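Single-structure report; data block below.
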Amino acid sequence: MKELVKTVSDAEKNLRIDKVVLGLGYIAVELEGNRVGLSANIADTSIMGCSVYSRAGTLKGSTVAEIVELGAKEHLFSGAIALAAINAIRNTVDLSTGVDVFERMAVQRGEMIVMVGFIAPVAQMLKKAGAEVSVFEKRELDTGFIRPVQEMPTAFAEADIIILSATTIMNNTIGELLSLPNTARDVILMGPSTPMIPDAFAATTITYLAGSAVTDGKKAIQIVMEGGGTQALYRAGAMKKIHLEVHR
């Protein structure tokens, strides 16, 4: 998060927050000028207990600088709000220069793909292509993809491709994951929460960013407010996939 914040200019830090929406699937931040950014809502209320947010009622009118300071705090809502604010500034359709992530991966039958943070449609596509897919996930999900966390170092060492969900930024696990030894040909940061800021990842092993940009802010805010998720945002044309190479 500190590296991401470094990419925000002083002028951008002075932008005001018009709206913050904490939906079931996503958190949306709207900046002045109608720019909207998203991040996944990964707060587990079964662990956190009461799902209210202590800063509710104080966020509108804050500056981006004040919001991104929240990203340094442990509360998942705070990190997600900060990331959504950064994405509102940085994730735009016109900066996408890479090929579709599946074309980039060019998965071959029998290859080992490791995914941290279960992205169901992606895992299913990779399995259909003949890849061996191993998923590491904190949530208790009923799927045959998930492996015990103690097997993660071995899986990373054997992986041909590693996919990290951008939620690993919000729960502060990304640094630990990137420190695991691997010889993967690609380490991809993936998901609509992905901040499309290659410079922030240039010193890491991440090679590719597969994220999204909001194309219809009003519709995106409505869908988030009504509890919608990724597929609803894409179906409505409120969000578009974007891809970027991380250059060394």
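Letters A, B, ... mark the chains of the structure tokens in the order given; residue numbers begin at 1 per chain; ligand numbers begin at 1, in order shown.
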
message: I'd like the neighbourhood of Leu76 (chain A) as JSON, numbers by chain, where a residue qualifies if any of its atoms comes within 9 Å (using only C-alpha atoms), though same-chain residues fewer than 5 positions away should be ignored.
response: {"A": [41, 42, 43, 44, 71, 81, 170, 171]}

- prompt: Any idea what's packed within 10 Å of region 142-150 of chain A, counting only C-alpha atoms, ignoring anything in its chain fewer than 6 positions away? Could you give it as a list in words?
  reply: Val114, Met115, Val116, Gly117, Phe118, Ala120, Ala123, Gln124, Lys127, Glu132, Val133, Ser134, Val135 and Phe136 of chain A

Spatial neighbours of Gly33 (chain A), max dist 12 Å, only C-alpha atoms, sep filter under 5 positions, as a short mmCIF file (atom, residue, chain, number, x, y, z; two decimals) with N, CA and C atoms, in the first residue's frame:
data_model
loop_
_atom_site.label_atom_id
_atom_site.label_comp_id
_atom_site.auth_asym_id
_atom_site.auth_seq_id
_atom_site.Cartn_x
_atom_site.Cartn_y
_atom_site.Cartn_z
N GLU A 12 -3.58 15.09 -6.78
CA GLU A 12 -4.56 14.01 -6.65
C GLU A 12 -4.92 13.76 -5.19
N LEU A 15 -7.86 15.83 -4.03
CA LEU A 15 -9.21 15.58 -4.54
C LEU A 15 -10.13 15.18 -3.40
N ARG A 16 -11.39 15.56 -3.52
CA ARG A 16 -12.36 15.26 -2.46
C ARG A 16 -13.16 14.00 -2.76
N ILE A 17 -13.57 13.34 -1.71
CA ILE A 17 -14.40 12.14 -1.82
C ILE A 17 -15.86 12.55 -1.86
N ASP A 18 -16.56 12.16 -2.92
CA ASP A 18 -18.00 12.48 -3.02
C ASP A 18 -18.87 11.39 -2.41
N LYS A 19 -18.39 10.14 -2.49
CA LYS A 19 -19.25 9.05 -2.01
C LYS A 19 -18.41 7.82 -1.72
N ALA A 88 -9.72 4.63 -8.33
CA ALA A 88 -10.52 5.67 -8.98
C ALA A 88 -9.62 6.63 -9.76
N ILE A 89 -8.40 6.83 -9.28
CA ILE A 89 -7.45 7.71 -9.94
C ILE A 89 -6.71 7.00 -11.06
N GLY A 217 -19.61 5.06 -14.10
CA GLY A 217 -19.56 5.24 -12.65
C GLY A 217 -20.92 5.19 -11.98
#

Of the listed residues A:Lys6, A:His243, A:Asp94, A:Arg55, that which approaches His75 (chain A) most closely, counting only C-alpha atoms: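 Residue with the minimum atom-to-atom distance to His75 (chain A): A:Arg55.
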
- request: Would you kindly return, as a ChimeraX atom specification, each protein, DNA or RNA residue with an atom no farther than 10 Å from any atom of Thr204 (chain A), considering only C-alpha atoms and excluding same-chain residues fewer than 4 positions away?
  value: /A:175,178-179,187,199-200,246,248

Written file, previous selection with N, CA and C atoms, as an mmCIF file, in the first residue's frame:
data_model
loop_
_atom_site.group_PDB
_atom_site.id
_atom_site.type_symbol
_atom_site.label_atom_id
_atom_site.label_comp_id
_atom_site.auth_asym_id
_atom_site.auth_seq_id
_atom_site.Cartn_x
_atom_site.Cartn_y
_atom_site.Cartn_z
ATOM 1 N N GLY A 175 3.129 -9.316 0.550
ATOM 2 C CA GLY A 175 4.579 -9.315 0.751
ATOM 3 C C GLY A 175 5.113 -10.696 1.084
ATOM 4 N N LEU A 178 4.985 -12.957 -2.064
ATOM 5 C CA LEU A 178 6.011 -12.651 -3.066
ATOM 6 C C LEU A 178 7.408 -13.067 -2.616
ATOM 7 N N SER A 179 7.554 -13.340 -1.332
ATOM 8 C CA SER A 179 8.863 -13.781 -0.828
ATOM 9 C C SER A 179 9.074 -15.283 -0.974
ATOM 10 N N VAL A 187 3.952 -14.202 -12.776
ATOM 11 C CA VAL A 187 3.260 -13.991 -11.507
ATOM 12 C C VAL A 187 2.274 -12.857 -11.777
ATOM 13 N N ASP A 199 4.647 0.605 -11.960
ATOM 14 C CA ASP A 199 5.830 1.066 -11.228
ATOM 15 C C ASP A 199 5.826 0.614 -9.776
ATOM 16 N N ALA A 200 4.640 0.464 -9.197
ATOM 17 C CA ALA A 200 4.556 0.052 -7.800
ATOM 18 C C ALA A 200 4.998 -1.394 -7.592
ATOM 19 N N VAL A 246 4.249 -5.451 -16.367
ATOM 20 C CA VAL A 246 5.113 -4.820 -15.365
ATOM 21 C C VAL A 246 6.547 -4.891 -15.886
ATOM 22 N N ARG A 248 10.600 -4.152 -15.930
ATOM 23 C CA ARG A 248 11.702 -4.060 -14.966
ATOM 24 C C ARG A 248 12.614 -2.900 -15.318
#

field: 12 Å contact set for Asp160 (chain A), only C-alpha atoms, chain neighbours under 2 positions out, as a list in words
entry: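 Counting only C-alpha atoms, the residues come to Met105, Ala106, Val107, Gln108, Arg109, Gly110, Glu111, Met112, Ile113, Val114, Met115, Ala131, Glu132, Val133, Ser134, Ala155, Phe156, Ala157, Glu158, Ile162, Ile163, Asn182, Thr183, Ala184, Arg185, Asp186, Val187 and Ile188 of chain A.
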
Just the selected residues (N, CA and C atoms), exported as a short mmCIF file (atom, residue, chain, number, x, y, z; two decimals), in the first residue's frame, please.
data_model
loop_
_atom_site.label_atom_id
_atom_site.label_comp_id
_atom_site.auth_asym_id
_atom_site.auth_seq_id
_atom_site.Cartn_x
_atom_site.Cartn_y
_atom_site.Cartn_z
N MET A 105 -1.20 -16.01 -20.61
CA MET A 105 -0.77 -17.22 -19.90
C MET A 105 -0.47 -18.38 -20.85
N ALA A 106 -1.22 -18.49 -21.95
CA ALA A 106 -1.01 -19.57 -22.93
C ALA A 106 -0.80 -20.91 -22.23
N VAL A 107 -1.76 -21.26 -21.41
CA VAL A 107 -1.63 -22.45 -20.57
C VAL A 107 -1.59 -23.73 -21.40
N GLN A 108 -0.67 -24.61 -21.07
CA GLN A 108 -0.54 -25.90 -21.72
C GLN A 108 -1.08 -27.00 -20.80
N ARG A 109 -1.59 -28.05 -21.41
CA ARG A 109 -2.12 -29.17 -20.64
C ARG A 109 -1.05 -29.73 -19.70
N GLY A 110 -1.43 -29.94 -18.45
CA GLY A 110 -0.52 -30.51 -17.47
C GLY A 110 0.28 -29.48 -16.68
N GLU A 111 0.21 -28.22 -17.07
CA GLU A 111 0.96 -27.20 -16.34
C GLU A 111 0.35 -26.97 -14.96
N MET A 112 1.19 -26.52 -14.03
CA MET A 112 0.76 -26.26 -12.67
C MET A 112 0.48 -24.77 -12.48
N ILE A 113 -0.75 -24.47 -12.12
CA ILE A 113 -1.15 -23.09 -11.84
C ILE A 113 -1.50 -22.99 -10.36
N VAL A 114 -0.90 -22.02 -9.69
CA VAL A 114 -1.21 -21.77 -8.29
C VAL A 114 -1.98 -20.46 -8.20
N MET A 115 -3.08 -20.48 -7.48
CA MET A 115 -3.91 -19.30 -7.31
C MET A 115 -4.09 -19.03 -5.82
N ALA A 131 -4.99 -27.60 -17.22
CA ALA A 131 -3.99 -27.26 -16.21
C ALA A 131 -4.34 -27.92 -14.87
N GLU A 132 -3.31 -28.10 -14.06
CA GLU A 132 -3.51 -28.55 -12.67
C GLU A 132 -3.60 -27.28 -11.83
N VAL A 133 -4.73 -27.05 -11.20
CA VAL A 133 -4.98 -25.80 -10.49
C VAL A 133 -5.01 -26.05 -8.99
N SER A 134 -4.12 -25.36 -8.28
CA SER A 134 -4.08 -25.43 -6.82
C SER A 134 -4.43 -24.07 -6.26
N ALA A 155 3.95 -25.75 -3.52
CA ALA A 155 3.18 -25.43 -4.71
C ALA A 155 3.80 -24.25 -5.46
N PHE A 156 4.25 -23.24 -4.74
CA PHE A 156 4.90 -22.10 -5.39
C PHE A 156 6.17 -22.54 -6.11
N ALA A 157 6.94 -23.41 -5.47
CA ALA A 157 8.20 -23.86 -6.07
C ALA A 157 7.97 -24.66 -7.35
N GLU A 158 6.81 -25.31 -7.46
CA GLU A 158 6.51 -26.15 -8.62
C GLU A 158 5.68 -25.44 -9.68
N ILE A 162 1.74 -18.29 -11.38
CA ILE A 162 1.14 -17.96 -10.09
C ILE A 162 0.17 -16.80 -10.28
N ILE A 163 -1.03 -16.95 -9.76
CA ILE A 163 -2.04 -15.90 -9.82
C ILE A 163 -2.35 -15.45 -8.40
N ASN A 182 10.12 -19.19 -6.20
CA ASN A 182 9.41 -19.81 -7.32
C ASN A 182 10.18 -19.57 -8.60
N THR A 183 9.89 -20.38 -9.61
CA THR A 183 10.48 -20.21 -10.94
C THR A 183 9.38 -20.04 -11.98
N ALA A 184 8.23 -19.56 -11.56
CA ALA A 184 7.09 -19.38 -12.46
C ALA A 184 7.43 -18.41 -13.58
N ARG A 185 6.92 -18.68 -14.79
CA ARG A 185 7.19 -17.77 -15.91
C ARG A 185 6.37 -16.50 -15.82
N ASP A 186 5.27 -16.54 -15.06
CA ASP A 186 4.47 -15.35 -14.83
C ASP A 186 3.92 -15.37 -13.42
N VAL A 187 3.95 -14.20 -12.78
CA VAL A 187 3.26 -13.99 -11.51
C VAL A 187 2.27 -12.86 -11.78
N ILE A 188 0.99 -13.19 -11.75
CA ILE A 188 -0.06 -12.26 -12.22
C ILE A 188 -0.90 -11.78 -11.05
#

All residues 9 Å or closer to Met1 (chain A), only C-alpha atoms, same chain fewer than 2 positions away omitted, as an MDAnalysis selection string: chainID A and resid 3:6 68 71:72 79 82:83 169:170 172

Since we have the selection now, will you write its residues out, keeping N, CA and C atoms, as a PDB file, in the first residue's frame?
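File part16.pdb, as written:
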ATOM      1  N   GLU A   3       3.750   1.673  -1.429  1.00  0.00           N
ATOM      2  CA  GLU A   3       4.236   1.897  -2.790  1.00  0.00           C
ATOM      3  C   GLU A   3       3.138   2.476  -3.677  1.00  0.00           C
ATOM      4  N   LEU A   4       1.918   2.036  -3.478  1.00  0.00           N
ATOM      5  CA  LEU A   4       0.797   2.560  -4.257  1.00  0.00           C
ATOM      6  C   LEU A   4       0.567   4.034  -3.938  1.00  0.00           C
ATOM      7  N   VAL A   5       0.618   4.373  -2.666  1.00  0.00           N
ATOM      8  CA  VAL A   5       0.375   5.756  -2.249  1.00  0.00           C
ATOM      9  C   VAL A   5       1.429   6.695  -2.826  1.00  0.00           C
ATOM     10  N   LYS A   6       2.652   6.202  -2.975  1.00  0.00           N
ATOM     11  CA  LYS A   6       3.728   7.024  -3.534  1.00  0.00           C
ATOM     12  C   LYS A   6       3.423   7.491  -4.956  1.00  0.00           C
ATOM     13  N   VAL A  68      -6.366   7.596   1.941  1.00  0.00           N
ATOM     14  CA  VAL A  68      -5.304   6.602   1.753  1.00  0.00           C
ATOM     15  C   VAL A  68      -4.541   6.340   3.049  1.00  0.00           C
ATOM     16  N   GLY A  71      -5.368   3.150   4.620  1.00  0.00           N
ATOM     17  CA  GLY A  71      -4.795   1.920   4.089  1.00  0.00           C
ATOM     18  C   GLY A  71      -3.693   1.343   4.947  1.00  0.00           C
ATOM     19  N   ALA A  72      -3.105   2.165   5.802  1.00  0.00           N
ATOM     20  CA  ALA A  72      -2.038   1.690   6.676  1.00  0.00           C
ATOM     21  C   ALA A  72      -2.590   1.008   7.918  1.00  0.00           C
ATOM     22  N   GLY A  79      -8.513  -0.547   4.481  1.00  0.00           N
ATOM     23  CA  GLY A  79      -7.614  -0.861   3.379  1.00  0.00           C
ATOM     24  C   GLY A  79      -8.339  -0.903   2.051  1.00  0.00           C
ATOM     25  N   ALA A  82      -9.240   2.672   0.891  1.00  0.00           N
ATOM     26  CA  ALA A  82      -8.039   3.334   0.381  1.00  0.00           C
ATOM     27  C   ALA A  82      -7.682   2.822  -1.012  1.00  0.00           C
ATOM     28  N   LEU A  83      -7.763   1.501  -1.204  1.00  0.00           N
ATOM     29  CA  LEU A  83      -7.440   0.929  -2.509  1.00  0.00           C
ATOM     30  C   LEU A  83      -8.443   1.374  -3.571  1.00  0.00           C
ATOM     31  N   ILE A 169      -3.517  -7.585  -1.288  1.00  0.00           N
ATOM     32  CA  ILE A 169      -3.041  -6.255  -0.881  1.00  0.00           C
ATOM     33  C   ILE A 169      -3.792  -5.808   0.356  1.00  0.00           C
ATOM     34  N   MET A 170      -5.109  -6.007   0.348  1.00  0.00           N
ATOM     35  CA  MET A 170      -5.950  -5.519   1.441  1.00  0.00           C
ATOM     36  C   MET A 170      -5.734  -6.279   2.742  1.00  0.00           C
ATOM     37  N   ASN A 172      -2.946  -7.672   3.569  1.00  0.00           N
ATOM     38  CA  ASN A 172      -1.521  -7.552   3.920  1.00  0.00           C
ATOM     39  C   ASN A 172      -0.748  -8.865   3.838  1.00  0.00           C
TER      40      ASN A 172
END

message: Could you pull out the strand (DSSP E) residues of region 3-145 of chain A, going by DSSP on the backbone, and write them as a PyMOL selection string?
response: chain A and resi 17-22+26-31+35-40+112-116+132-136

message: Need the shell around Met190 (chain A): protein/DNA/RNA residues with any atom at most 6 Å away, counting only C-alpha atoms. Skip same-chain ones fewer than 6 positions apart. Format as a ChimeraX atom specification?
response: /A:165-166,210-211

Quick one: write out the picked residues with N, CA and C atoms as a PDB file, in the first residue's frame?
ATOM      1  N   SER A 165      -4.719 -12.964  -6.200  1.00  0.00           N
ATOM      2  CA  SER A 165      -5.856 -12.050  -6.172  1.00  0.00           C
ATOM      3  C   SER A 165      -5.401 -10.730  -5.556  1.00  0.00           C
ATOM      4  N   ALA A 166      -5.930  -9.632  -6.067  1.00  0.00           N
ATOM      5  CA  ALA A 166      -5.564  -8.328  -5.522  1.00  0.00           C
ATOM      6  C   ALA A 166      -6.050  -8.149  -4.094  1.00  0.00           C
ATOM      7  N   ALA A 210      -3.739  -7.785 -14.256  1.00  0.00           N
ATOM      8  CA  ALA A 210      -5.005  -8.060 -14.942  1.00  0.00           C
ATOM      9  C   ALA A 210      -6.136  -7.522 -14.072  1.00  0.00           C
ATOM     10  N   GLY A 211      -6.562  -6.298 -14.383  1.00  0.00           N
ATOM     11  CA  GLY A 211      -7.554  -5.637 -13.547  1.00  0.00           C
ATOM     12  C   GLY A 211      -8.751  -5.166 -14.327  1.00  0.00           C
TER      13      GLY A 211
END

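Pairwise distance (CA of Leu233 (chain A), CA of Ser193 (chain A)) equals 12.9 Å.
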